[in-house]
Amino acid sequence: MGEVILTMKGIDKSFPGVHALDHVDLEVRRGEVHALMGENGAGKSTLMKVLTGIYTKDSGTITYEGKEVEFHNPKEAQEAGIVIVHQELNMMNHLTVAQNIFIGREFMKGILIDDAKMNEEARKLFRQLGIDIDPAEKMGNLTVGKQQMCEIAKAISHEAKVIIFDEPSAALTEAEIEELFKIIRDLRDKQLGIVYISHRMDEIKVITDRVTVMRDGGYVGTLITADCTKSDIINMMVGRVIYEEPKTHSMVAPDAPVVLKVEHLNAGKMVKDVSFELHKGEILGFSGLMGAGRTETARAVFGADRKESGDIYVNGKKVEINSPEDAVKCGIGYLSEDRKRYGIVVGKSVAENSTMASLLDFVSGLFIDKKKEVEVTQKYIDRLKTKTPGVDQLVVNLSGGNQQKVVIAKWLVKNCDILIFDEPTRGIDVGAKSEIYHLMNELAAEGKSIIMISSEMPEILRMSDRIVVMCEGRKTAEIDIAEATQEKIMHAATLR
Amino acid sequence: MENFKNKPLIKKLGFNRIILCGVLILMYFVFSLFSGRMLGSGDIKNALNMADYLGFLALGVTFVIATGGIDFSIGPVMVCAGLIAGRLLVTFGWPLWIALIMCVVVGCLFGVLNGILVAYMGLPSFISSMASMMLAKGVGSVFTHVQNSNWPASGEANSWYKYFVTYNGIPTGLIFLLVVAVLCTIILNKTKIGRYILCIGSNREAVRLSGVDTRKWEALAYIICGTLAGIGAITYVGVITQVQPGLGDEFNNNAIASCVMGGTSMAGGVASIGGTFIGVLIISLLRVGIQAMGFRPDYQYIITGIIVALAVFADIRSSARKK
Ligand SMILES: Nc1ncnc2c1ncn2[C@@H]1O[C@H](COP(=O)(O)OP(=O)(O)OP(=O)(O)O)[C@@H](O)[C@H]1O
Ligand SMILES: [Mg+2]
């Protein structure tokens, strides 16, 4: 760790109805990776947006390289050498990767844009970072993980002195995270100051030097990572101890009926001859590397994508599912991994989002029964402990993790018997995560059946009764939780 | 078929642009067949005349649609420019070349107005362009005291402005339009202006977070659009000679239809100048062809409507299949 490069002191920021930051301090040194931790809605992203000029602070001071500064827009911050990789992906899907990376600072040949040079530079950048992406590919055609890597490459390509990573790993596979860590270590050795926001405890221990913890918009404290344990950090974050019991055996009754049976499903390039069964009250984990075809399988079952062949049986009866509407009629709900694109309508309120899938239940006569809508929404806000000033708050103003809870609420309101959770705890803090785990267990105990797609190995092992492993569009293994180990799953996930 | 689509040359030209060209040629023969005569040079000339001014409008509005916005004022703005410049020329005796420049200036000013309303004041483009559409009609009528602006007829003094449309039987208008279209392609695909316009249409927030002043570039799209409507006014008066106040709305629909048919997405982010150009030719030929078949022009609306819907549907299908 070198000298201090950035100090934020007494930062205060309020939104209508929310005191998002209450005198928060943060100090970053050259050559350190500084973790910023806190529950969903603690104010981490807001603090970083204040720093980079996206929001204006109400009070407090920012000192950067020895001088007091105030950035009025992201460009000023960038020019001073502070760049941020945002939590929510901000991509222009119609443009190529290279065009996205160099937006705002295109290479020019006279008055014309030099796309060839941009591709060349992007290719160089990727090679240097060890990432395999074609710069001329359209951004919209990449997986979420790859898009995230592009966003990271974009940040690095600036002549930055401070880089902020706001939950960069949420959409990445284990292998991609390894790559990311290599990149971050490189940057640290080049004496950059790095702020790293993540909810994954293991990562914090591996990659960071110091941790600053926030709670409810306030500053709790800063620790040296090596000197503290995971539970110290969690304690500071939530002010209580969280205990997680891993699953050792299946909780499903041996004679539980099959509620969903999928046979020889083929869809596109990513789903090849996939068959599986889901029992009543079961949590079926879908494991595999990113791009293994798990999401595609789920989408095909849900009718969101067209399938070429394959049969689906719900409660023993063969059903035709050709659209999400059909699926919902069969009692299937699907929680998308990409909530921004498919999960929520950001410009609408918490209540409107929560009841979106089941609006017909809230209609009395010709009109929507607002009172009932508010009541039910409030019930799920309480049950999921969603942090929002009220049911009328626009979802766009919620923190990332709380947006996820709204999506979950939507399908709980719908009361589906079969729930497909695609990366349900992406971007969710430890406290909320354990709440969601509890909730899933409760749902299963109530007799609902859950398919849980997850890229986090600990999550798979903790939650699943049975595990399906996929690799390159095929099912490569089906393992009972009693026999499951990390090694077995990894082996099946990399079978060719 | 897939192989064919993936050939580099085909990819570069754009598969659906090639299809559109096919449709254009097919239409010509269908009209020739059903009207009982080959469409002759007279019909073609009519079609090209219409394509001239419609073309400038459509090129302009392509930029606006690329940002995800819309401009309903282009037609009336073009007419308004023709009215004002015509009165300056005929009644106030301004030199012809200044009158022509005034056409462009009037168009540009309306573009600036739209740009400010949408980009800087945050009005929805739908609303603001409705407002400036009425403004354009009103200003044109007031300035001319609700009289026609009668530009000099061919053969009279000061009629060289007609050379922008035809010169000795050469369709100079088409060449003029083609040159501007090439310029527009370069601007849209090769310069910062076009890049940012497309980016804004694709994901405005991402552009803003990258430190780009989105307002400036969005406003620029409207200014380009207005200016092209002004240039369109030059060819419009060249074709029509007597400009009537209060007109112009139907040009909007035709221009926007040409764009959309050519593959420009109303949601923004995707635009094709080449597509717009062919779209304009198709719509103009449609107009003339239907008249040649002896139908009243009203039928043109019905058929245009159907063709636009089909073209957009085909486009959506082909891009959905790519996924
Ligand atoms: N633009 C806004 N308008 C109103 N409230 C906002 C806005 N942005 C953030 N908030 C509120 O400020 C608080 C802090 O949000 P922030 O996004 O900083 O949380 P976070 O710590 O990043 O959480 P997460 O881990 O879920 O991403 C939340 O209660 C959120 O609802
Ligand atoms: Mg956040």
# chains A, B, ... in the order shown; residues from 1 in each chain; ligands from 1
>>> interface_residues(of="chain B", to="chain A", cutoff="7 Å", atoms="only C-alpha atoms", output="list in words")
Lys190, Thr191, Lys192, Cys199, Ser202, Asn203, Ala206, Leu209, Ser210, Gly211, Val212, Gly269 and Val270 of chain B
>>> write_last_selection(atoms="all heavy atoms", output="PDB file, in the first residue's frame")
ATOM      1  N   LYS B 190     -19.775   7.037 -40.167  1.00  0.00           N
ATOM      2  CA  LYS B 190     -18.329   7.243 -40.061  1.00  0.00           C
ATOM      3  C   LYS B 190     -17.920   8.413 -39.194  1.00  0.00           C
ATOM      4  O   LYS B 190     -16.734   8.590 -38.946  1.00  0.00           O
ATOM      5  CB  LYS B 190     -17.757   7.442 -41.486  1.00  0.00           C
ATOM      6  CG  LYS B 190     -17.650   6.163 -42.278  1.00  0.00           C
ATOM      7  CD  LYS B 190     -16.422   5.388 -41.854  1.00  0.00           C
ATOM      8  CE  LYS B 190     -16.543   3.933 -42.198  1.00  0.00           C
ATOM      9  NZ  LYS B 190     -15.639   3.117 -41.387  1.00  0.00           N
ATOM     10  N   THR B 191     -18.854   9.246 -38.798  1.00  0.00           N
ATOM     11  CA  THR B 191     -18.445  10.389 -37.987  1.00  0.00           C
ATOM     12  C   THR B 191     -19.009  10.273 -36.584  1.00  0.00           C
ATOM     13  O   THR B 191     -19.893   9.473 -36.319  1.00  0.00           O
ATOM     14  CB  THR B 191     -18.943  11.724 -38.587  1.00  0.00           C
ATOM     15  OG1 THR B 191     -20.364  11.751 -38.472  1.00  0.00           O
ATOM     16  CG2 THR B 191     -18.538  11.874 -40.030  1.00  0.00           C
ATOM     17  N   LYS B 192     -18.464  11.120 -35.715  1.00  0.00           N
ATOM     18  CA  LYS B 192     -18.932  11.132 -34.327  1.00  0.00           C
ATOM     19  C   LYS B 192     -20.408  11.447 -34.252  1.00  0.00           C
ATOM     20  O   LYS B 192     -21.128  10.884 -33.431  1.00  0.00           O
ATOM     21  CB  LYS B 192     -18.169  12.200 -33.542  1.00  0.00           C
ATOM     22  CG  LYS B 192     -16.872  11.720 -32.993  1.00  0.00           C
ATOM     23  CD  LYS B 192     -16.360  12.706 -31.979  1.00  0.00           C
ATOM     24  CE  LYS B 192     -14.961  12.284 -31.575  1.00  0.00           C
ATOM     25  NZ  LYS B 192     -14.308  13.261 -30.724  1.00  0.00           N
ATOM     26  N   CYS B 199     -25.882   5.748 -30.837  1.00  0.00           N
ATOM     27  CA  CYS B 199     -25.681   5.332 -29.446  1.00  0.00           C
ATOM     28  C   CYS B 199     -26.831   5.801 -28.576  1.00  0.00           C
ATOM     29  O   CYS B 199     -27.330   5.065 -27.727  1.00  0.00           O
ATOM     30  CB  CYS B 199     -24.391   5.929 -28.885  1.00  0.00           C
ATOM     31  SG  CYS B 199     -22.937   5.137 -29.497  1.00  0.00           S
ATOM     32  N   SER B 202     -29.657   3.699 -28.923  1.00  0.00           N
ATOM     33  CA  SER B 202     -29.470   2.351 -28.403  1.00  0.00           C
ATOM     34  C   SER B 202     -29.553   2.316 -26.883  1.00  0.00           C
ATOM     35  O   SER B 202     -30.222   1.468 -26.300  1.00  0.00           O
ATOM     36  CB  SER B 202     -28.121   1.819 -28.864  1.00  0.00           C
ATOM     37  OG  SER B 202     -27.972   0.481 -28.505  1.00  0.00           O
ATOM     38  N   ASN B 203     -28.867   3.225 -26.228  1.00  0.00           N
ATOM     39  CA  ASN B 203     -28.893   3.257 -24.762  1.00  0.00           C
ATOM     40  C   ASN B 203     -28.368   4.603 -24.286  1.00  0.00           C
ATOM     41  O   ASN B 203     -27.174   4.789 -24.097  1.00  0.00           O
ATOM     42  CB  ASN B 203     -28.045   2.114 -24.195  1.00  0.00           C
ATOM     43  CG  ASN B 203     -28.151   2.007 -22.691  1.00  0.00           C
ATOM     44  OD1 ASN B 203     -28.622   2.927 -22.025  1.00  0.00           O
ATOM     45  ND2 ASN B 203     -27.726   0.884 -22.145  1.00  0.00           N
ATOM     46  N   ALA B 206     -26.158   4.858 -21.084  1.00  0.00           N
ATOM     47  CA  ALA B 206     -24.780   4.384 -21.250  1.00  0.00           C
ATOM     48  C   ALA B 206     -23.917   5.465 -21.867  1.00  0.00           C
ATOM     49  O   ALA B 206     -22.764   5.641 -21.489  1.00  0.00           O
ATOM     50  CB  ALA B 206     -24.754   3.124 -22.102  1.00  0.00           C
ATOM     51  N   LEU B 209     -23.245   8.157 -19.247  1.00  0.00           N
ATOM     52  CA  LEU B 209     -22.279   7.724 -18.236  1.00  0.00           C
ATOM     53  C   LEU B 209     -20.878   7.637 -18.811  1.00  0.00           C
ATOM     54  O   LEU B 209     -19.905   7.594 -18.078  1.00  0.00           O
ATOM     55  CB  LEU B 209     -22.692   6.362 -17.652  1.00  0.00           C
ATOM     56  CG  LEU B 209     -23.938   6.401 -16.781  1.00  0.00           C
ATOM     57  CD1 LEU B 209     -24.272   5.014 -16.286  1.00  0.00           C
ATOM     58  CD2 LEU B 209     -23.747   7.350 -15.612  1.00  0.00           C
ATOM     59  N   SER B 210     -20.758   7.583 -20.133  1.00  0.00           N
ATOM     60  CA  SER B 210     -19.434   7.566 -20.739  1.00  0.00           C
ATOM     61  C   SER B 210     -18.884   8.975 -20.877  1.00  0.00           C
ATOM     62  O   SER B 210     -17.835   9.179 -21.462  1.00  0.00           O
ATOM     63  CB  SER B 210     -19.484   6.916 -22.116  1.00  0.00           C
ATOM     64  OG  SER B 210     -20.047   5.643 -22.025  1.00  0.00           O
ATOM     65  N   GLY B 211     -19.605   9.951 -20.364  1.00  0.00           N
ATOM     66  CA  GLY B 211     -19.095  11.307 -20.370  1.00  0.00           C
ATOM     67  C   GLY B 211     -19.358  12.045 -21.665  1.00  0.00           C
ATOM     68  O   GLY B 211     -18.628  12.960 -22.011  1.00  0.00           O
ATOM     69  N   VAL B 212     -20.374  11.626 -22.413  1.00  0.00           N
ATOM     70  CA  VAL B 212     -20.703  12.318 -23.656  1.00  0.00           C
ATOM     71  C   VAL B 212     -21.912  13.215 -23.400  1.00  0.00           C
ATOM     72  O   VAL B 212     -22.838  12.818 -22.707  1.00  0.00           O
ATOM     73  CB  VAL B 212     -21.047  11.290 -24.764  1.00  0.00           C
ATOM     74  CG1 VAL B 212     -21.506  11.997 -26.024  1.00  0.00           C
ATOM     75  CG2 VAL B 212     -19.856  10.409 -25.036  1.00  0.00           C
ATOM     76  N   GLY B 269     -31.379   3.420 -32.588  1.00  0.00           N
ATOM     77  CA  GLY B 269     -30.170   2.609 -32.538  1.00  0.00           C
ATOM     78  C   GLY B 269     -29.794   1.933 -33.834  1.00  0.00           C
ATOM     79  O   GLY B 269     -28.649   1.565 -34.030  1.00  0.00           O
ATOM     80  N   VAL B 270     -30.766   1.717 -34.711  1.00  0.00           N
ATOM     81  CA  VAL B 270     -30.475   1.077 -35.988  1.00  0.00           C
ATOM     82  C   VAL B 270     -31.014   1.962 -37.105  1.00  0.00           C
ATOM     83  O   VAL B 270     -32.188   2.337 -37.065  1.00  0.00           O
ATOM     84  CB  VAL B 270     -31.161  -0.303 -36.096  1.00  0.00           C
ATOM     85  CG1 VAL B 270     -30.763  -0.988 -37.386  1.00  0.00           C
ATOM     86  CG2 VAL B 270     -30.821  -1.150 -34.903  1.00  0.00           C
TER      87      VAL B 270
END
>>> residues_around(residues="stretch 435-446 of chain A", least_positions_apart="6", cutoff="10 Å", atoms="only C-alpha atoms", output="ChimeraX atom specification")
/A:244,251-252,280-283,383-385,405,408,412,417-419,421,424-425,428-429,452,459,462-464
>>> write_last_selection(atoms="C-alpha atoms", output="compact mmCIF listing (two decimals), in the first residue's frame")
# COMPACT_ATOMS: atom_id res chain seq x y z
CA GLU A 244 -26.15 -21.07 7.61
CA MET A 251 -35.64 -32.94 2.13
CA VAL A 252 -38.00 -34.40 -0.46
CA LYS A 280 -43.09 -31.85 -5.54
CA GLY A 281 -41.39 -29.86 -2.80
CA GLU A 282 -37.98 -30.26 -4.35
CA ILE A 283 -35.26 -27.74 -4.98
CA ARG A 383 -41.79 -10.90 4.02
CA LEU A 384 -38.73 -10.29 1.82
CA LYS A 385 -37.57 -7.31 3.88
CA LYS A 405 -36.49 -8.91 -4.31
CA ILE A 408 -39.14 -12.53 -6.54
CA LEU A 412 -44.68 -15.17 -5.26
CA ASP A 417 -46.43 -24.14 -8.14
CA ILE A 418 -43.26 -24.49 -10.17
CA LEU A 419 -40.72 -21.72 -9.84
CA PHE A 421 -35.10 -19.14 -10.17
CA PRO A 424 -31.80 -15.72 -7.62
CA THR A 425 -29.23 -14.15 -5.32
CA ILE A 428 -27.81 -9.76 -3.03
CA ASP A 429 -26.06 -9.21 0.29
CA MET A 452 -32.60 -23.07 -9.07
CA GLU A 459 -25.26 -21.87 -3.13
CA ARG A 462 -26.45 -25.37 0.32
CA MET A 463 -29.84 -25.27 -1.34
CA SER A 464 -30.33 -28.17 -3.72
>>> closest_atom_pairs(of="chain A", to="ligand 2", cutoff="10 Å", atoms="only C-alpha atoms and all ligand atoms", output="Markdown table")
| residue | atom | partner | partner_atom_place_in_ligand_line | distance |
| --- | --- | --- | --- | --- |
| A:Met37 | CA | ligand 2 | 1 (Mg) | 9.9 |
| A:Gly38 | CA | ligand 2 | 1 (Mg) | 9.4 |
| A:Glu39 | CA | ligand 2 | 1 (Mg) | 9.2 |
| A:Asn40 | CA | ligand 2 | 1 (Mg) | 7.0 |
| A:Gly41 | CA | ligand 2 | 1 (Mg) | 7.0 |
| A:Ala42 | CA | ligand 2 | 1 (Mg) | 8.2 |
| A:Gly43 | CA | ligand 2 | 1 (Mg) | 7.1 |
| A:Lys44 | CA | ligand 2 | 1 (Mg) | 5.6 |
| A:Ser45 | CA | ligand 2 | 1 (Mg) | 4.1 |
| A:Thr46 | CA | ligand 2 | 1 (Mg) | 7.2 |
| A:Leu47 | CA | ligand 2 | 1 (Mg) | 9.4 |
| A:Met48 | CA | ligand 2 | 1 (Mg) | 9.1 |
| A:Lys49 | CA | ligand 2 | 1 (Mg) | 9.9 |
| A:His86 | CA | ligand 2 | 1 (Mg) | 8.5 |
| A:Gln87 | CA | ligand 2 | 1 (Mg) | 6.1 |
| A:Glu88 | CA | ligand 2 | 1 (Mg) | 8.4 |
| A:Asp166 | CA | ligand 2 | 1 (Mg) | 6.6 |
| A:Glu167 | CA | ligand 2 | 1 (Mg) | 7.3 |
| A:Ile197 | CA | ligand 2 | 1 (Mg) | 8.0 |
| A:Ser198 | CA | ligand 2 | 1 (Mg) | 8.9 |
| A:His199 | CA | ligand 2 | 1 (Mg) | 9.9 |
| A:Leu398 | CA | ligand 2 | 1 (Mg) | 9.1 |
| A:Ser399 | CA | ligand 2 | 1 (Mg) | 5.5 |
| A:Gly400 | CA | ligand 2 | 1 (Mg) | 5.3 |
| A:Gly401 | CA | ligand 2 | 1 (Mg) | 7.3 |
| A:Asn402 | CA | ligand 2 | 1 (Mg) | 9.5 |
| A:Gly427 | CA | ligand 2 | 1 (Mg) | 8.0 |
| A:Ile428 | CA | ligand 2 | 1 (Mg) | 9.3 |
| A:Asp429 | CA | ligand 2 | 1 (Mg) | 10.0 |
>>> residues_around(residues="stretch 27-43 of chain B", least_positions_apart="6", cutoff="8 Å", atoms="only C-alpha atoms", output="NGL selection string")
:B and (285-286 or 288-290 or 292-294)
>>> write_last_selection(atoms="all heavy atoms", output="PDB file, in the first residue's frame")
ATOM      1  N   LEU B 285     -42.868   5.526 -56.488  1.00  0.00           N
ATOM      2  CA  LEU B 285     -43.329   4.710 -57.611  1.00  0.00           C
ATOM      3  C   LEU B 285     -44.756   4.215 -57.351  1.00  0.00           C
ATOM      4  O   LEU B 285     -45.589   4.154 -58.258  1.00  0.00           O
ATOM      5  CB  LEU B 285     -42.385   3.520 -57.815  1.00  0.00           C
ATOM      6  CG  LEU B 285     -42.739   2.596 -58.975  1.00  0.00           C
ATOM      7  CD1 LEU B 285     -42.626   3.350 -60.284  1.00  0.00           C
ATOM      8  CD2 LEU B 285     -41.837   1.368 -59.013  1.00  0.00           C
ATOM      9  N   LEU B 286     -45.006   3.899 -56.105  1.00  0.00           N
ATOM     10  CA  LEU B 286     -46.330   3.431 -55.703  1.00  0.00           C
ATOM     11  C   LEU B 286     -47.379   4.470 -56.050  1.00  0.00           C
ATOM     12  O   LEU B 286     -48.418   4.179 -56.643  1.00  0.00           O
ATOM     13  CB  LEU B 286     -46.294   3.228 -54.185  1.00  0.00           C
ATOM     14  CG  LEU B 286     -47.262   2.270 -53.568  1.00  0.00           C
ATOM     15  CD1 LEU B 286     -47.052   0.911 -54.159  1.00  0.00           C
ATOM     16  CD2 LEU B 286     -47.032   2.222 -52.063  1.00  0.00           C
ATOM     17  N   VAL B 288     -47.256   6.933 -58.220  1.00  0.00           N
ATOM     18  CA  VAL B 288     -47.426   7.122 -59.656  1.00  0.00           C
ATOM     19  C   VAL B 288     -48.080   5.900 -60.289  1.00  0.00           C
ATOM     20  O   VAL B 288     -48.989   6.011 -61.110  1.00  0.00           O
ATOM     21  CB  VAL B 288     -46.053   7.399 -60.298  1.00  0.00           C
ATOM     22  CG1 VAL B 288     -46.183   7.441 -61.813  1.00  0.00           C
ATOM     23  CG2 VAL B 288     -45.491   8.694 -59.765  1.00  0.00           C
ATOM     24  N   GLY B 289     -47.619   4.720 -59.850  1.00  0.00           N
ATOM     25  CA  GLY B 289     -48.137   3.489 -60.428  1.00  0.00           C
ATOM     26  C   GLY B 289     -49.629   3.330 -60.194  1.00  0.00           C
ATOM     27  O   GLY B 289     -50.376   2.922 -61.089  1.00  0.00           O
ATOM     28  N   ILE B 290     -50.069   3.703 -59.004  1.00  0.00           N
ATOM     29  CA  ILE B 290     -51.484   3.531 -58.703  1.00  0.00           C
ATOM     30  C   ILE B 290     -52.327   4.489 -59.536  1.00  0.00           C
ATOM     31  O   ILE B 290     -53.401   4.145 -60.003  1.00  0.00           O
ATOM     32  CB  ILE B 290     -51.714   3.705 -57.200  1.00  0.00           C
ATOM     33  CG1 ILE B 290     -51.169   2.463 -56.496  1.00  0.00           C
ATOM     34  CG2 ILE B 290     -53.188   3.869 -56.882  1.00  0.00           C
ATOM     35  CD1 ILE B 290     -51.136   2.567 -55.024  1.00  0.00           C
ATOM     36  N   ALA B 292     -51.410   5.475 -62.471  1.00  0.00           N
ATOM     37  CA  ALA B 292     -51.354   4.940 -63.837  1.00  0.00           C
ATOM     38  C   ALA B 292     -52.368   3.817 -64.008  1.00  0.00           C
ATOM     39  O   ALA B 292     -52.912   3.600 -65.089  1.00  0.00           O
ATOM     40  CB  ALA B 292     -49.951   4.433 -64.144  1.00  0.00           C
ATOM     41  N   MET B 293     -52.629   3.088 -62.936  1.00  0.00           N
ATOM     42  CA  MET B 293     -53.609   2.005 -63.026  1.00  0.00           C
ATOM     43  C   MET B 293     -55.039   2.528 -62.994  1.00  0.00           C
ATOM     44  O   MET B 293     -55.988   1.762 -63.057  1.00  0.00           O
ATOM     45  CB  MET B 293     -53.400   1.021 -61.870  1.00  0.00           C
ATOM     46  CG  MET B 293     -52.242   0.057 -62.118  1.00  0.00           C
ATOM     47  SD  MET B 293     -51.714  -0.778 -60.616  1.00  0.00           S
ATOM     48  CE  MET B 293     -53.151  -1.740 -60.266  1.00  0.00           C
ATOM     49  N   GLY B 294     -55.202   3.815 -62.844  1.00  0.00           N
ATOM     50  CA  GLY B 294     -56.525   4.411 -62.927  1.00  0.00           C
ATOM     51  C   GLY B 294     -57.253   4.480 -61.602  1.00  0.00           C
ATOM     52  O   GLY B 294     -58.432   4.819 -61.559  1.00  0.00           O
TER      53      GLY B 294
END
>>> residues_around(residues="stretch 299-307 of chain B", least_positions_apart="3", cutoff="7 Å", atoms="only C-alpha atoms", output="number ranges by chain")
B: 286-287, 290, 295-296, 310-311
>>> residues_around(residues="B:Thr241", least_positions_apart="2", cutoff="7 Å", atoms="only C-alpha atoms", output="PyMOL selection string")
chain B and resi 150-153+237-239+243
>>> select_by_dssp(residues="stretch 39-222 of chain A", states="helix (DSSP H, G or I)", output="MDAnalysis selection string")
chainID A and resid 44:51 74:80 97:101 115:129 139:141 144:157 168:171 174:189 201:207
>>> closest_residue(among="A:Val24, A:Ile194, A:Ala122, A:Ala482", to="ligand 1", atoms="only C-alpha atoms and all ligand atoms")
A:Val24
>>> atom_distance(atom1="atom CA of A:Lys261", atom2="atom CA of A:Gly293")
17.8 Å
>>> atom_distance(atom1="atom CA of A:Arg466", atom2="atom CA of A:Gly447")
15.9 Å
>>> atom_distance(atom1="atom CA of B:Val146", atom2="atom CA of B:Pro245")
6.2 Å
>>> closest_atom_pairs(of="stretch 205-263 of chain B", to="stretch 70-88 of chain B", cutoff="7 Å", atoms="only C-alpha atoms", output="Markdown table")
| residue | atom | partner | partner_atom | distance |
| --- | --- | --- | --- | --- |
| B:Gly226 | CA | B:Ile74 | CA | 6.6 |
| B:Ala229 | CA | B:Met78 | CA | 5.2 |
| B:Gly230 | CA | B:Met78 | CA | 5.6 |
| B:Gly232 | CA | B:Met78 | CA | 6.5 |
| B:Ala233 | CA | B:Met78 | CA | 4.9 |
| B:Val237 | CA | B:Gly82 | CA | 6.2 |
| B:Val243 | CA | B:Leu83 | CA | 6.1 |
| B:Leu247 | CA | B:Pro76 | CA | 6.2 |
| B:Gly248 | CA | B:Pro76 | CA | 4.3 |
| B:Asp249 | CA | B:Gly75 | CA | 5.6 |
| B:Phe251 | CA | B:Gly75 | CA | 5.1 |
| B:Asn252 | CA | B:Gly75 | CA | 5.2 |
>>> closest_residue(among="A:Arg215, A:Lys138, A:Lys317, A:Arg299", to="ligand 1", atoms="only C-alpha atoms and all ligand atoms")
A:Arg215
